[in-house]
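**Student:** Contents of run_24.txt (compact mmCIF, C-alpha atoms) are below:
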# COMPACT_ATOMS: atom_id res chain seq x y z
CA MET W 1 104.10 116.44 90.18
CA ASP W 2 102.69 119.33 92.22
CA VAL W 3 101.65 117.96 95.61
CA LEU W 4 100.15 121.33 96.57
CA PHE W 5 97.73 121.12 93.63
CA TRP W 6 96.46 117.74 94.82
CA GLU W 7 96.23 118.85 98.44
CA LYS W 8 94.01 121.76 97.37
CA PHE W 9 92.04 119.49 95.04
CA TYR W 10 91.13 117.01 97.76
CA GLU W 11 90.55 119.70 100.39
CA ALA W 12 88.21 121.66 98.13
CA LYS W 13 86.24 118.84 96.53
CA CYS W 14 86.67 115.44 97.93
CA PHE W 15 87.43 115.05 101.63
CA SER W 16 83.73 114.61 102.33
CA GLY W 17 83.37 111.77 99.85
CA SER W 18 85.43 109.96 97.26
CA HIS W 19 86.81 110.64 93.81
CA ASP W 20 87.19 107.66 91.49
CA CYS W 21 88.58 108.70 88.15
CA TYR W 22 87.42 106.78 85.08
CA CYS W 23 85.75 103.72 86.61
CA SER W 24 84.38 102.52 89.91
CA ALA W 25 85.55 99.35 91.62
CA ALA W 26 82.27 97.73 90.60
CA ASP W 27 82.99 98.54 86.95
CA LEU W 28 86.38 96.84 87.22
CA GLN W 29 85.38 93.81 89.27
CA ALA W 30 85.07 91.45 86.28
CA LEU W 31 88.57 92.43 85.13
CA LEU W 32 90.32 92.42 88.48
CA MET W 33 88.94 89.52 90.47
CA PRO W 34 90.22 86.74 88.15
CA LEU W 35 93.72 88.25 88.53
CA LEU W 36 93.62 88.63 92.31
CA ARG W 37 94.00 85.96 94.97
CA PRO W 38 93.08 86.42 98.64
CA THR W 39 96.74 85.96 99.61
CA ASP W 40 98.12 88.52 97.14
CA LYS W 41 99.92 91.66 98.28
CA VAL W 42 98.39 94.50 96.27
CA VAL W 43 99.70 98.06 95.87
CA HIS W 44 97.39 100.82 94.63
CA LEU W 45 99.46 103.64 93.11
CA GLY W 46 98.17 107.18 93.49
CA CYS W 47 95.14 106.04 95.46
CA GLY W 48 93.82 109.49 96.40
CA ASN W 49 90.47 108.93 98.11
CA SER W 50 89.33 106.25 95.69
CA THR W 51 87.20 103.46 97.15
CA LEU W 52 88.94 100.84 94.98
CA GLY W 53 91.12 99.51 97.81
CA PRO W 54 88.32 99.27 100.40
CA GLU W 55 85.96 97.63 97.92
CA LEU W 56 88.57 95.01 96.97
CA TYR W 57 89.15 94.46 100.70
CA ASP W 58 85.47 93.71 101.17
CA LEU W 59 85.68 91.19 98.30
CA GLY W 60 88.37 89.26 100.19
CA VAL W 61 91.64 90.76 98.91
CA GLN W 62 92.87 92.39 102.11
CA ASP W 63 96.66 92.78 101.98
CA ILE W 64 96.44 96.14 100.21
CA VAL W 65 98.86 99.07 100.44
CA ASN W 66 97.25 102.27 99.17
CA ILE W 67 99.87 104.92 98.42
CA ASP W 68 99.73 108.59 97.51
CA PHE W 69 102.15 111.49 97.86
CA CYS W 70 99.40 113.75 99.24
CA ALA W 71 99.73 113.38 103.02
CA PRO W 72 96.37 114.96 104.00
CA VAL W 73 94.34 112.59 101.83
CA VAL W 74 96.30 109.57 103.10
CA ALA W 75 95.57 110.61 106.69
CA GLU W 76 91.90 111.13 105.87
CA MET W 77 91.56 107.70 104.26
CA GLN W 78 93.47 105.97 107.05
CA ALA W 79 91.03 107.42 109.57
CA ARG W 80 88.00 106.66 107.40
CA TYR W 81 88.85 102.98 106.99
CA MET W 82 90.20 102.07 110.42
CA ASP W 83 87.73 99.18 110.45
CA ARG W 84 89.78 97.38 107.79
CA PRO W 85 92.92 96.60 109.81
CA LYS W 86 94.86 94.63 107.21
CA MET W 87 94.74 97.48 104.67
CA GLN W 88 97.45 100.15 104.81
CA TRP W 89 97.57 103.79 103.71
CA LYS W 90 101.03 105.27 103.16
CA VAL W 91 102.52 108.53 101.95
CA MET W 92 104.82 107.47 99.14
CA ASP W 93 106.09 108.66 95.77
CA THR W 94 105.31 106.31 92.88
CA THR W 95 108.78 106.97 91.45
CA ALA W 96 110.51 105.88 94.68
CA LEU W 97 108.55 102.99 96.16
CA ASP W 98 109.52 102.14 99.72
CA LEU W 99 108.75 98.46 99.14
CA GLY W 100 110.94 95.40 98.99
CA THR W 101 112.13 93.95 95.70
CA GLY W 102 109.88 91.18 94.43
CA THR W 103 107.44 91.48 97.35
CA VAL W 104 104.27 92.60 95.53
CA HIS W 105 101.89 90.43 93.51
CA VAL W 106 99.67 93.07 91.92
CA VAL W 107 100.20 96.79 91.26
CA LEU W 108 97.08 98.81 90.39
CA ASP W 109 97.14 102.17 88.63
CA LYS W 110 93.85 103.90 87.85
CA GLY W 111 94.66 107.19 86.18
CA THR W 112 97.98 107.87 87.90
CA LEU W 113 100.14 107.29 84.83
CA ASP W 114 97.82 109.54 82.81
CA ALA W 115 98.02 112.26 85.47
CA MET W 116 101.81 112.08 85.50
CA LEU W 117 101.94 112.67 81.75
CA CYS W 118 100.02 115.94 82.26
CA ALA W 119 101.78 117.10 85.41
CA TYR W 120 105.17 118.19 84.12
CA SER W 121 106.24 121.23 82.17
CA GLY W 122 107.51 119.19 79.22
CA LEU W 123 106.86 115.83 77.58
CA VAL W 124 110.46 114.67 78.09
CA GLU W 125 110.29 115.26 81.84
CA ALA W 126 106.90 113.57 82.05
CA ARG W 127 108.09 110.49 80.17
CA GLN W 128 111.17 110.27 82.39
CA ALA W 129 108.94 110.26 85.48
CA VAL W 130 106.72 107.54 84.01
CA ASP W 131 109.78 105.51 83.05
CA THR W 132 111.11 105.76 86.60
CA MET W 133 107.75 104.62 87.94
CA ARG W 134 107.74 101.67 85.52
CA GLN W 135 111.19 100.62 86.70
CA GLU W 136 110.03 100.79 90.31
CA VAL W 137 106.98 98.67 89.50
CA GLN W 138 109.23 96.13 87.75
CA ARG W 139 111.46 96.03 90.82
CA VAL W 140 108.76 95.44 93.43
CA LEU W 141 106.69 92.94 91.42
CA ALA W 142 107.25 89.26 92.06
CA ALA W 143 107.73 86.96 89.09
CA GLY W 144 104.34 86.27 87.56
CA GLY W 145 102.86 89.38 89.20
CA HIS W 146 100.58 91.81 87.38
CA TRP W 147 100.74 95.52 86.70
CA ILE W 148 97.26 96.75 85.79
CA VAL W 149 97.05 100.27 84.36
CA ILE W 150 93.63 101.83 83.73
CA SER W 151 94.02 104.65 81.22
CA HIS W 152 91.98 106.86 78.95
CA SER W 153 94.35 105.88 76.10
CA GLY W 154 94.76 102.63 74.23
CA PRO W 155 97.84 100.65 73.21
CA GLU W 156 98.91 103.06 70.47
CA GLN W 157 99.66 105.69 73.12
CA ARG W 158 100.45 103.55 76.16
CA GLU W 159 102.01 100.20 75.25
CA ALA W 160 105.54 101.54 74.74
CA LEU W 161 105.30 103.56 77.97
CA VAL W 162 104.29 100.61 80.16
CA THR W 163 106.46 97.92 78.58
CA GLY W 164 109.56 100.12 78.27
CA PRO W 165 112.16 100.18 75.49
CA GLU W 166 112.79 96.43 75.60
CA GLY W 167 109.16 95.53 75.01
CA VAL W 168 107.73 92.13 75.91
CA GLY W 169 109.09 88.62 75.58
CA GLN W 170 112.15 86.53 76.25
CA GLY W 171 114.94 88.43 77.96
CA THR W 172 112.71 91.36 78.95
CA ALA W 173 111.03 92.36 82.22
CA TRP W 174 107.58 91.45 80.92
CA ALA W 175 106.30 88.02 79.94
CA ALA W 176 103.02 89.30 78.50
CA TYR W 177 101.03 92.42 77.70
CA ASN W 178 97.43 92.86 76.65
CA CYS W 179 94.99 95.73 76.46
CA THR W 180 91.23 95.44 76.97
CA PRO W 181 88.51 98.13 76.76
CA VAL W 182 86.75 98.57 80.11
CA CYS W 183 83.94 100.67 81.54
CA LEU W 184 82.13 100.80 78.21
CA PRO W 185 79.18 103.21 77.94
CA LYS W 186 75.85 101.49 78.48
CA ASP W 187 73.55 101.06 75.49
CA GLY W 188 72.16 104.36 74.35
CA GLN W 189 74.28 106.40 76.73
CA GLU W 190 77.16 108.71 76.02
CA GLY W 191 80.45 108.18 77.78
CA ASN W 192 84.12 107.40 77.45
CA THR W 193 85.76 104.06 76.90
CA TYR W 194 88.78 103.35 79.05
CA PHE W 195 91.49 100.75 78.66
CA ALA W 196 93.05 98.19 80.97
CA HIS W 197 96.71 97.56 80.17
CA VAL W 198 97.69 94.31 81.90
CA LEU W 199 101.33 93.27 82.13
CA VAL W 200 102.78 90.08 83.60
CA ARG W 201 106.20 90.21 85.25
CA ALA W 202 108.63 87.77 83.66
CA GLY W 203 109.65 84.63 85.54
CA ALA W 204 107.94 81.55 86.89
CA GLU W 205 105.20 82.34 89.37
CA GLY W 206 106.04 81.40 92.93
Take the structure in the file and give it back as structure tokens.

**Tutor:**
Amino acid sequence: MDVLFWEKFYEAKCFSGSHDCYCSAADLQALLMPLLRPTDKVVHLGCGNSTLGPELYDLGVQDIVNIDFCAPVVAEMQARYMDRPKMQWKVMDTTALDLGTGTVHVVLDKGTLDAMLCAYSGLVEARQAVDTMRQEVQRVLAAGGHWIVISHSGPEQREALVTGPEGVGQGTAWAAYNCTPVCLPKDGQEGNTYFAHVLVRAGAEG
């Protein structure tokens, strides 16, 4: 992915505010809060200057690591949210997570996987990057942990990408997968429907 593109994007449009692709934290609260415990370690992939992490922090889930490969936006967000001391902001590549194996309870992805699929010169290269990210998520997730991917595409386009070639079930990395529409347009209003792909890491929860 082109880090210079994202640096220019945030500098030109978003340093003064926030940019939440697809859905706000409020839109996702009903989905996320039943899956999150106050003691969970949460990683937000490709956080940009989304308010998702800070809003979850204010709801009581405070051990959050927000990561992005765009150093200027990470520095901006770290300064902006200094009043939330338990939350971290780190420069990190989603395909090379500097996190311990089995140390994370929930990994959140809101549009990052979709962006990766559009960021490379060819589909093969893009799918390889997504596959590497999936393997990293599998590595850092504790048994029973969740990977929650918010995407503009449903299971026909995303299930195989997030579950990997082995799929779901006995002997695989994932104990369960489901997909739920989220952020539905309000009655009488136009808008897009997005999808929450929720995966559970195989193994007994500790």

**Student:** Please tell me which residues are no farther than 12 Å from (111.8, 88.8, 78.9) in the file, counting only C-alpha atoms, and write them as a CSV table (one decimal) with C-alpha atoms, keeping the file's coordinate frame.

**Tutor:**
chain,number,residue,atom,x,y,z
W,138,GLN,CA,109.2,96.1,87.8
W,143,ALA,CA,107.7,87.0,89.1
W,144,GLY,CA,104.3,86.3,87.6
W,163,THR,CA,106.5,97.9,78.6
W,164,GLY,CA,109.6,100.1,78.3
W,165,PRO,CA,112.2,100.2,75.5
W,166,GLU,CA,112.8,96.4,75.6
W,167,GLY,CA,109.2,95.5,75.0
W,168,VAL,CA,107.7,92.1,75.9
W,169,GLY,CA,109.1,88.6,75.6
W,170,GLN,CA,112.2,86.5,76.2
W,171,GLY,CA,114.9,88.4,78.0
W,172,THR,CA,112.7,91.4,79.0
W,173,ALA,CA,111.0,92.4,82.2
W,174,TRP,CA,107.6,91.4,80.9
W,175,ALA,CA,106.3,88.0,79.9
W,176,ALA,CA,103.0,89.3,78.5
W,177,TYR,CA,101.0,92.4,77.7
W,199,LEU,CA,101.3,93.3,82.1
W,200,VAL,CA,102.8,90.1,83.6
W,201,ARG,CA,106.2,90.2,85.2
W,202,ALA,CA,108.6,87.8,83.7
W,203,GLY,CA,109.6,84.6,85.5
W,204,ALA,CA,107.9,81.6,86.9

**Student:** Considering only C-alpha atoms, state which residue in the set W:Ala71, W:His146, W:Cys179, W:Gln135 is at the smallest distance from W:Leu35.

**Tutor:** W:His146

**Student:** What does the distance between atom CA of W:Lys110 and atom CA of W:Val149 come to in Å, to one decimal place?

**Tutor:**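 Spanning atom CA of W:Lys110 to atom CA of W:Val149 is a straight-line distance of 6.0 Å.
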
**Student:** For atom CA of W:His44 and atom CA of W:Val91, quote the distance in Å rounded to one decimal.

**Tutor:** 11.8 Å

**Student:** Measure the distance from atom CA of W:Gln78 to atom CA of W:Ala25 in Å and round it to one decimal.

**Tutor:** 18.6 Å

**Student:** Kindly indicate which residue among W:Met33, W:Val182, W:Leu97, W:Val124 lies nearest to W:Gly154, using all atoms listed in the file for the distances.

**Tutor:** W:Val182

**Student:** Emit as lines of an AutoDock Vina configuration file the padded axis-aligned box for all listed atoms of stretch 63-72 of chain W, 5 Å per side, with centre and edge lengths in Å to one decimal.

**Tutor:**
center_x = 99.3
center_y = 103.9
center_z = 100.8
size_x = 15.8
size_y = 32.2
size_z = 16.5

**Student:** With distances taken over only C-alpha atoms, which residue among W:Gly60, W:Gly48, W:Gly102, W:Gly111 lies nearest W:Lys86?

**Tutor:**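 Closest candidate: W:Gly60.
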
**Student:** Counting all atoms listed in the file, write as a PDB file with C-alpha atoms, in the coordinates of the input all protein and nucleic acid residues lying at most 8 Å from (91.2, 99.3, 104.3) in the file's frame.

**Tutor:**
ATOM      1  CA  GLY W  53      91.120  99.510  97.810  1.00  0.00           C
ATOM      2  CA  PRO W  54      88.320  99.270 100.400  1.00  0.00           C
ATOM      3  CA  TYR W  57      89.150  94.460 100.700  1.00  0.00           C
ATOM      4  CA  GLN W  62      92.870  92.390 102.110  1.00  0.00           C
ATOM      5  CA  ILE W  64      96.440  96.140 100.210  1.00  0.00           C
ATOM      6  CA  GLN W  78      93.470 105.970 107.050  1.00  0.00           C
ATOM      7  CA  TYR W  81      88.850 102.980 106.990  1.00  0.00           C
ATOM      8  CA  MET W  82      90.200 102.070 110.420  1.00  0.00           C
ATOM      9  CA  ASP W  83      87.730  99.180 110.450  1.00  0.00           C
ATOM     10  CA  ARG W  84      89.780  97.380 107.790  1.00  0.00           C
ATOM     11  CA  PRO W  85      92.920  96.600 109.810  1.00  0.00           C
ATOM     12  CA  LYS W  86      94.860  94.630 107.210  1.00  0.00           C
ATOM     13  CA  MET W  87      94.740  97.480 104.670  1.00  0.00           C
ATOM     14  CA  GLN W  88      97.450 100.150 104.810  1.00  0.00           C
ATOM     15  CA  TRP W  89      97.570 103.790 103.710  1.00  0.00           C
TER      16      TRP W  89
END

**Student:** Using all atoms listed in the file, can you tell me which of W:Val42, W:Val73, W:Ala79, W:Cys118 comes closest to W:Leu141?

**Tutor:**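 Using all atoms listed in the file, the shortest distance to W:Leu141 belongs to W:Val42.
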
**Student:** Compile the contact shell of W:Lys41 as a PyMOL selection string: residues with an atom at most 9 Å away, counting only C-alpha atoms, same-chain residues fewer than 5 positions apart removed.

**Tutor:** chain W and resi 61-65+103-107

**Student:** Which is closer to W:Tyr22 than all the others in W:Ala119, W:Ala75, W:Met92, W:Leu52, using all atoms listed in the file?

**Tutor:**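 Of W:Ala119, W:Ala75, W:Met92, W:Leu52, the one nearest W:Tyr22 is W:Leu52, counting all atoms listed in the file.
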
**Student:** Point out the residue among W:Asp68, W:Arg158, W:Ile150, W:Gln29 with the least atom-to-atom distance to W:Tyr194, counting all atoms listed in the file.

**Tutor:** W:Ile150
